[in-house]
Amino acid sequence: MAKTELDHVSKVFTERDGSKVVAVDDLSLSIDDGEFLVLVGPSGCGKSTTLRMIAGLETVTDGEIRLDGRVINDLPARDRDIAMVFQSYALYPHMSVRGNMSFGLEESTDLSDDEIRQRVDDAAETMEIEDLLDRAPSDLSGGQRQRVALGRAIVRDPAVFLLDEPLSNLDAKLRSQMRTELQRLQEDLGTTTIYVTHDQTEAMTMGDRIAILNDGRLQQVGTPLECYHEPRNRFVAGFVGEPAMNFFDTDLQDDALVGAGFEYPLSEGVRADVAGHDRLVLGVRPEDVELVAEPETDRDFPATVDVVEPMGDENQVHLRFGNGEDLQTNAEELIATVSGMRRVESGQQVAVRIPEETIHLFDRETGEALHNRELETAETAPPNV
Ligand code: ATP
C-alpha cells in the first residue's frame with residue numbers, strides 16, 4: 001500500500017517530423033493509501049500515458065511522481081512495486097496460467113518455489129481460477145483471461161495496482177459483474193488502485209474519487225457525486241451522466257435567459273451567482289426535466305415529443321421547444337428521462353418544466369460553472385430514501 005502523488009507532471013512526445021504532442025499537461029493528483037481512484041476522460045486525453053508514467057513504462061518530461069514520498073521518476077519499472085493490468089491482458093501465450101502468475105515472482109523476488117506456489121494458489125483462489133492453472137491462455141474465455149491477468153497482479157502483492165481499461169473486452173453483463181467484484185476485491189486487499197477508463201458509468205460506480213481529464217489537463221477531481229452535481233465546468237457536466245446534461249446557449253437579458261425558442265426567468269439569488277456574465281449556457285439534467293400536460297408556471301415551456309426511447313424502467317424522451325405552429329425548426333432540442341410506466345408518444349404536444357433549483361449555469365466562453373444545482377444534504381433528505 002502506498003500514497004501515490006503526481007506533482008505537476010507533463011509528458012510531451014516528439015513525433016518523427018519534430019512536432020510535439022502534449023499528452024499530459026501539468027497534472028497534479030494525490031491518491032491516498034488504499035484509495036480507489038478512477039482516471040476517466042475521452043479517447044486521447046492522456047489516461048494511458050499517465051498510468052504508463054506511474055508504472056515506469058514511459059519517461060516523465062516534467063514534474064515528479066512520488067510513492068510514499070519517494071521520487072520514483074528514474075526508478076526502473078521492475079523496482080517500483082507496482083502491478084499493471086493491461087486492456088489486452090498481455091498474458092504470455094506459451095506459458096500456462098500458473099506460469100503466467102509465477103513468472104513475475106520468479107524474476108523479481110527471492111521467494112522459494114514453495115512460497116511462490118503457495119502465493120499463486122492463494123491468488124487463484126481469490127480470483128476463482130484454481131481449475132484453470134494448468135491451461136494455456138489460448139484455451140480461456142475473455143472473462144477467464146481477465147481473471148488471470150488480475151490474479152497475476154494480485155500475486156505480487158504490490159503497493160499500487162494500475163488497471164488500464166481492464167473490462168473493456170468483456171460483454172456488458174460480465175463487465176457489470178466484474179465491476180462489483182473488482183470493487184470488493186480492492187476493498188478486501190486495501191491496495192491503492194488507479195483505474196483508467198473512458199466509460200463514465202464505470203467511473204461513477206467504481207471510484208472513491210474520480211479524476212476527469214480532457215486534452216491532457218485535469219478538469220476536476222472529486223467523489224462521483226461531487227463531479228455529477230457540482231461540476232467545475234461544462235466539460236465535466238457534459239461528460240458525467242448518461243444521457244448527458246442538456247445545454248442551451250442563452251443571453252441574459254434583464255432578469256431572464258433568452259434562448260432559441262424559450263425565455264427562462266432567473267430569481268435574484270441565481271442572478272447574483274452569475275453577476276458580470278451575460279453570455280451563459282443553461283444546463284439541466286434529463287432526469288430533472290419534468291413533463292406536464294400544459295404550461296402552468298413561467299418555467300414551463302410548450303414542447304413537442306420527437307422520439308421516445310423506451311428503456312424499460314424509464315423512457316428517454318427527445319423533445320423540441322414549441323408546439324403546433326410555434327414549433328420552430330431552429331428550436332432547441334432536449335432530452336427528458338421519465339418513468340417507464342408513463343406513456344409518451346412521438347408527436348405529442350406537452351410542456352417541459354425546468355425547476356430553477358435543478359439548473360446549472362456556465363460561462364459560454366470559458367465553460368466555467370457559475371451556478372450549480374442545490375444539493376439536498378443527508379440531514380435534510382427524508383429518512384429511508
Ligand atoms: P485511449 O482511451 O484512446 O487509450 P488515452 O486517454 O489513454 O486514450 P493516451 O494513449 O494517453 O490517451 O494518449 C494521449 C495523447 O498522446 C494522444 O494524443 C496520443 O496520440 C498521444 N500519444 C500517446 N503515445 C504516443 C507516442 N508514443 N508518440 C506520440 N504520441 C503519443
# chains A, B, ... in the order shown; residues from 1 in each chain; ligands from 1
>>> closest_atom_pairs(of="chain A", to="ligand 1", cutoff="10 Å", atoms="only C-alpha atoms and all ligand atoms", output="CSV")
residue,atom,partner,partner_atom_place_in_ligand_line,distance
A:Lys11,CA,ligand 1,16 (O),8.3
A:Val12,CA,ligand 1,30 (N),7.9
A:Phe13,CA,ligand 1,29 (C),4.9
A:Thr14,CA,ligand 1,29 (C),6.3
A:Glu15,CA,ligand 1,29 (C),5.7
A:Arg16,CA,ligand 1,29 (C),8.8
A:Ser19,CA,ligand 1,29 (C),9.5
A:Lys20,CA,ligand 1,29 (C),8.0
A:Val21,CA,ligand 1,30 (N),5.8
A:Val22,CA,ligand 1,16 (O),6.6
A:Ala23,CA,ligand 1,16 (O),3.9
A:Val24,CA,ligand 1,14 (C),7.0
A:Leu39,CA,ligand 1,6 (O),9.1
A:Val40,CA,ligand 1,6 (O),7.9
A:Gly41,CA,ligand 1,6 (O),6.3
A:Pro42,CA,ligand 1,6 (O),6.1
A:Ser43,CA,ligand 1,3 (O),3.6
A:Gly44,CA,ligand 1,12 (O),3.4
A:Cys45,CA,ligand 1,6 (O),3.8
A:Gly46,CA,ligand 1,11 (O),3.2
A:Lys47,CA,ligand 1,6 (O),3.9
A:Ser48,CA,ligand 1,7 (O),3.6
A:Thr49,CA,ligand 1,11 (O),3.7
A:Thr50,CA,ligand 1,11 (O),6.4
A:Leu51,CA,ligand 1,11 (O),8.1
A:Arg52,CA,ligand 1,11 (O),8.3
A:Met53,CA,ligand 1,11 (O),9.8
A:Glu58,CA,ligand 1,27 (N),8.7
A:Gln87,CA,ligand 1,4 (O),9.4
A:Asp164,CA,ligand 1,7 (O),8.3
A:Glu165,CA,ligand 1,2 (O),8.2
A:Val196,CA,ligand 1,7 (O),7.8
A:Thr197,CA,ligand 1,2 (O),6.9
A:His198,CA,ligand 1,2 (O),5.7
A:Asp199,CA,ligand 1,2 (O),9.3
A:Leu213,CA,ligand 1,6 (O),8.0
A:Asn214,CA,ligand 1,6 (O),8.2
A:Asp215,CA,ligand 1,14 (C),7.7
A:Gly216,CA,ligand 1,14 (C),6.9
>>> write_last_selection(atoms="C-alpha atoms", output="compact mmCIF listing (two decimals), in the first residue's frame")
# COMPACT_ATOMS: atom_id res chain seq x y z
CA LYS A 11 4.55 14.27 -20.90
CA VAL A 12 5.50 15.60 -24.31
CA PHE A 13 6.05 13.21 -27.20
CA THR A 14 8.14 14.30 -30.16
CA GLU A 15 6.84 12.99 -33.47
CA ARG A 16 9.13 11.88 -36.31
CA SER A 19 6.33 18.24 -33.91
CA LYS A 20 5.36 17.95 -30.25
CA VAL A 21 2.33 16.25 -28.73
CA VAL A 22 1.49 17.28 -25.18
CA ALA A 23 -0.16 14.09 -23.92
CA VAL A 24 -0.27 15.09 -20.23
CA LEU A 39 -8.96 8.28 -14.15
CA VAL A 40 -11.56 8.98 -16.80
CA GLY A 41 -11.83 11.01 -19.98
CA PRO A 42 -12.41 10.72 -23.71
CA SER A 43 -10.08 8.85 -26.04
CA GLY A 44 -6.69 10.53 -26.38
CA CYS A 45 -6.97 12.63 -23.21
CA GLY A 46 -3.78 11.16 -21.72
CA LYS A 47 -5.09 8.48 -19.34
CA SER A 48 -2.90 5.61 -20.51
CA THR A 49 0.16 7.84 -20.73
CA THR A 50 -0.38 8.90 -17.11
CA LEU A 51 -0.66 5.29 -16.00
CA ARG A 52 2.39 4.26 -18.00
CA MET A 53 4.45 7.02 -16.41
CA GLU A 58 7.16 5.92 -20.09
CA GLN A 87 -6.61 -3.91 -21.56
CA ASP A 164 -5.89 0.19 -17.83
CA GLU A 165 -9.43 -0.40 -19.11
CA VAL A 196 -8.33 4.00 -16.20
CA THR A 197 -11.49 4.01 -18.26
CA HIS A 198 -13.25 6.13 -20.85
CA ASP A 199 -16.60 4.84 -19.60
CA LEU A 213 -9.05 14.52 -17.86
CA ASN A 214 -9.51 16.31 -21.15
CA ASP A 215 -6.73 17.16 -23.61
CA GLY A 216 -4.12 16.10 -21.08
>>> select_by_dssp(residues="range 174-303 of chain A", states="alpha helix (DSSP H)", output="VMD selection string")
chain A and resid 174 to 189 200 to 206 224 to 229 234 to 239 268 to 273
>>> atom_distance(atom1="CA of Ala369 in chain A", atom2="CA of Arg234 in chain A")
6.6 Å
>>> closest_residue(among="A:Arg175, A:Arg217, A:His371, A:Arg78", to="Leu266 in chain A", atoms="only C-alpha atoms")
A:His371
>>> residues_around(residues="Gly347 in chain A", least_positions_apart="5", cutoff="10 Å", atoms="only C-alpha atoms", output="MDAnalysis selection string")
chainID A and resid 303:308 319 323:324
>>> atom_distance(atom1="CA of Glu202 in chain A", atom2="CA of Thr180 in chain A")
10.1 Å
>>> select_by_dssp(residues="range 56-113 of chain A", states="strand (DSSP E or B)", output="list in words")
Asp62, Gly63, Glu64, Ile65, Arg66, Leu67, Arg70, Val71, Ile82, Ala83, Met84 and Val85 of chain A
>>> residues_around(residues="His229 in chain A", least_positions_apart="6", cutoff="10 Å", atoms="only C-alpha atoms", output="MDAnalysis selection string")
chainID A and resid 237 240:241 285 358 360 372:375
>>> residues_around(residues="Gln146 in chain A", least_positions_apart="5", cutoff="10 Å", atoms="only C-alpha atoms", output="list in words")
Val85, Phe86, Gln87, Ser88, Tyr89, Ala90, Leu91, Met127, Leu140, Ser141, Gly151, Arg152, Pro166, Leu167, Asn169, Leu170 and Met178 of chain A
>>> closest_residue(among="A:Ser168, A:Thr366, A:Ser112, A:Ser138", to="His94 in chain A", atoms="only C-alpha atoms")
A:Ser138
>>> atom_distance(atom1="CA of Val97 in chain A", atom2="CA of Met206 in chain A")
27.4 Å
>>> residues_around(residues="Glu187 in chain A", least_positions_apart="5", cutoff="10 Å", atoms="only C-alpha atoms", output="tab-separated table (two decimals) with all heavy atoms, in the first residue's frame")
chain	number	residue	atom	x	y	z
A	34	GLY	N	-4.51	3.16	-0.12
A	34	GLY	CA	-5.72	2.34	-0.06
A	34	GLY	C	-6.89	2.90	-0.87
A	34	GLY	O	-7.95	2.28	-0.91
A	35	GLU	N	-6.71	4.03	-1.50
A	35	GLU	CA	-7.81	4.63	-2.25
A	35	GLU	C	-8.00	3.97	-3.62
A	35	GLU	O	-7.07	3.44	-4.21
A	35	GLU	CB	-7.52	6.13	-2.45
A	35	GLU	CG	-8.69	6.87	-3.08
A	35	GLU	CD	-8.45	8.37	-3.24
A	35	GLU	OE1	-7.40	8.87	-2.80
A	35	GLU	OE2	-9.33	9.02	-3.82
A	36	PHE	N	-9.23	4.02	-4.12
A	36	PHE	CA	-9.55	3.56	-5.46
A	36	PHE	C	-9.87	4.82	-6.28
A	36	PHE	O	-10.92	5.42	-6.10
A	36	PHE	CB	-10.78	2.64	-5.40
A	36	PHE	CG	-11.04	1.84	-6.66
A	36	PHE	CD1	-11.30	0.48	-6.58
A	36	PHE	CD2	-11.03	2.42	-7.92
A	36	PHE	CE1	-11.54	-0.28	-7.72
A	36	PHE	CE2	-11.27	1.69	-9.06
A	36	PHE	CZ	-11.54	0.32	-8.95
A	181	GLU	N	-17.16	-7.08	-8.54
A	181	GLU	CA	-16.17	-7.98	-7.99
A	181	GLU	C	-14.83	-7.27	-7.74
A	181	GLU	O	-14.19	-7.47	-6.72
A	181	GLU	CB	-15.97	-9.14	-8.96
A	181	GLU	CG	-15.59	-10.41	-8.25
A	181	GLU	CD	-15.61	-11.58	-9.19
A	181	GLU	OE1	-16.68	-11.84	-9.78
A	181	GLU	OE2	-14.57	-12.21	-9.34
A	182	LEU	N	-14.47	-6.44	-8.70
A	182	LEU	CA	-13.21	-5.69	-8.56
A	182	LEU	C	-13.25	-4.74	-7.37
A	182	LEU	O	-12.27	-4.60	-6.63
A	182	LEU	CB	-12.98	-4.87	-9.82
A	182	LEU	CG	-12.00	-5.42	-10.82
A	182	LEU	CD1	-11.90	-4.51	-12.02
A	182	LEU	CD2	-10.62	-5.57	-10.19
A	192	THR	N	-3.84	0.48	-2.90
A	192	THR	CA	-4.05	1.70	-3.67
A	192	THR	C	-4.25	1.33	-5.14
A	192	THR	O	-3.43	0.59	-5.70
A	192	THR	CB	-2.81	2.61	-3.55
A	192	THR	OG1	-2.46	2.70	-2.18
A	192	THR	CG2	-3.05	3.99	-4.12
>>> closest_residue(among="A:Gly340, A:Gly18, A:Pro76, A:Gly259", to="Met311 in chain A", atoms="only C-alpha atoms")
A:Gly340
>>> residues_around(residues="Ala331 in chain A", least_positions_apart="5", cutoff="12 Å", atoms="only C-alpha atoms", output="list in words")
Phe248, Asp249, Gly259, Ala260, Gly261, Phe262, Glu263, Phe301, Pro302, Ala303, Thr304, Leu319, Arg320, Phe321, Gly322, Asn323 and Asp326 of chain A
>>> closest_residue(among="A:Ala203, A:Ile154, A:Met101, A:Leu163", to="Asp134 in chain A", atoms="only C-alpha atoms")
A:Met101
>>> decode(residues="range 177-188 of chain A", atoms="all heavy atoms", output="short mmCIF file (atom, residue, chain, number, x, y, z; two decimals), in the first residue's frame")
data_model
loop_
_atom_site.label_atom_id
_atom_site.label_comp_id
_atom_site.auth_asym_id
_atom_site.auth_seq_id
_atom_site.Cartn_x
_atom_site.Cartn_y
_atom_site.Cartn_z
N GLN A 177 -20.75 -7.39 -13.77
CA GLN A 177 -20.44 -8.34 -12.68
C GLN A 177 -19.01 -8.11 -12.17
O GLN A 177 -18.75 -8.07 -10.97
CB GLN A 177 -20.61 -9.75 -13.23
CG GLN A 177 -20.42 -10.86 -12.25
CD GLN A 177 -20.40 -12.20 -12.99
OE1 GLN A 177 -21.10 -12.38 -14.00
NE2 GLN A 177 -19.59 -13.13 -12.53
N MET A 178 -18.08 -7.94 -13.12
CA MET A 178 -16.68 -7.76 -12.73
C MET A 178 -16.43 -6.42 -12.04
O MET A 178 -15.53 -6.29 -11.23
CB MET A 178 -15.77 -7.88 -13.96
CG MET A 178 -15.47 -9.28 -14.42
SD MET A 178 -14.85 -10.36 -13.11
CE MET A 178 -13.24 -9.66 -12.80
N ARG A 179 -17.27 -5.42 -12.40
CA ARG A 179 -17.14 -4.12 -11.73
C ARG A 179 -17.32 -4.28 -10.24
O ARG A 179 -16.52 -3.82 -9.44
CB ARG A 179 -18.25 -3.17 -12.23
CG ARG A 179 -17.95 -2.46 -13.49
CD ARG A 179 -18.63 -1.11 -13.57
NE ARG A 179 -20.07 -1.15 -13.53
CZ ARG A 179 -20.87 -1.02 -14.59
NH1 ARG A 179 -20.35 -0.87 -15.78
NH2 ARG A 179 -22.17 -1.02 -14.47
N THR A 180 -18.40 -4.99 -9.87
CA THR A 180 -18.68 -5.19 -8.45
C THR A 180 -17.58 -6.04 -7.82
O THR A 180 -17.12 -5.76 -6.72
CB THR A 180 -20.03 -5.96 -8.30
OG1 THR A 180 -20.88 -5.57 -9.34
CG2 THR A 180 -20.65 -5.74 -6.97
N GLU A 181 -17.16 -7.08 -8.54
CA GLU A 181 -16.17 -7.98 -7.99
C GLU A 181 -14.83 -7.27 -7.74
O GLU A 181 -14.19 -7.47 -6.72
CB GLU A 181 -15.97 -9.14 -8.96
CG GLU A 181 -15.59 -10.41 -8.25
CD GLU A 181 -15.61 -11.58 -9.19
OE1 GLU A 181 -16.68 -11.84 -9.78
OE2 GLU A 181 -14.57 -12.21 -9.34
N LEU A 182 -14.47 -6.44 -8.70
CA LEU A 182 -13.21 -5.69 -8.56
C LEU A 182 -13.25 -4.74 -7.37
O LEU A 182 -12.27 -4.60 -6.63
CB LEU A 182 -12.98 -4.87 -9.82
CG LEU A 182 -12.00 -5.42 -10.82
CD1 LEU A 182 -11.90 -4.51 -12.02
CD2 LEU A 182 -10.62 -5.57 -10.19
N GLN A 183 -14.40 -4.11 -7.19
CA GLN A 183 -14.53 -3.18 -6.05
C GLN A 183 -14.37 -3.94 -4.74
O GLN A 183 -13.71 -3.49 -3.82
CB GLN A 183 -15.91 -2.53 -6.06
CG GLN A 183 -16.00 -1.32 -6.94
CD GLN A 183 -17.43 -0.89 -7.06
OE1 GLN A 183 -18.20 -1.52 -7.78
NE2 GLN A 183 -17.80 0.15 -6.37
N ARG A 184 -15.03 -5.11 -4.68
CA ARG A 184 -14.97 -5.92 -3.45
C ARG A 184 -13.53 -6.36 -3.20
O ARG A 184 -13.02 -6.27 -2.10
CB ARG A 184 -15.88 -7.14 -3.62
CG ARG A 184 -16.36 -7.69 -2.30
CD ARG A 184 -17.38 -8.78 -2.51
NE ARG A 184 -18.62 -8.32 -3.07
CZ ARG A 184 -19.33 -8.97 -4.01
NH1 ARG A 184 -18.88 -10.10 -4.51
NH2 ARG A 184 -20.46 -8.49 -4.45
N LEU A 185 -12.88 -6.80 -4.27
CA LEU A 185 -11.50 -7.27 -4.18
C LEU A 185 -10.59 -6.15 -3.68
O LEU A 185 -9.77 -6.35 -2.78
CB LEU A 185 -11.05 -7.73 -5.56
CG LEU A 185 -9.68 -8.34 -5.68
CD1 LEU A 185 -9.67 -9.69 -5.00
CD2 LEU A 185 -9.31 -8.53 -7.16
N GLN A 186 -10.79 -4.97 -4.23
CA GLN A 186 -9.94 -3.84 -3.85
C GLN A 186 -10.17 -3.49 -2.37
O GLN A 186 -9.24 -3.19 -1.64
CB GLN A 186 -10.22 -2.64 -4.75
CG GLN A 186 -9.13 -1.57 -4.72
CD GLN A 186 -9.35 -0.52 -3.65
OE1 GLN A 186 -10.45 -0.40 -3.12
NE2 GLN A 186 -8.31 0.22 -3.33
N GLU A 187 -11.42 -3.56 -1.95
CA GLU A 187 -11.71 -3.28 -0.54
C GLU A 187 -11.04 -4.30 0.36
O GLU A 187 -10.45 -3.96 1.38
CB GLU A 187 -13.22 -3.32 -0.29
CG GLU A 187 -13.82 -1.93 -0.16
CD GLU A 187 -15.33 -1.96 -0.23
OE1 GLU A 187 -15.94 -2.78 0.49
OE2 GLU A 187 -15.88 -1.17 -1.01
N ASP A 188 -11.12 -5.58 -0.04
CA ASP A 188 -10.52 -6.65 0.78
C ASP A 188 -9.01 -6.48 0.84
O ASP A 188 -8.40 -6.62 1.89
CB ASP A 188 -10.83 -8.03 0.18
CG ASP A 188 -12.29 -8.38 0.39
OD1 ASP A 188 -12.96 -7.66 1.16
OD2 ASP A 188 -12.75 -9.34 -0.24
#
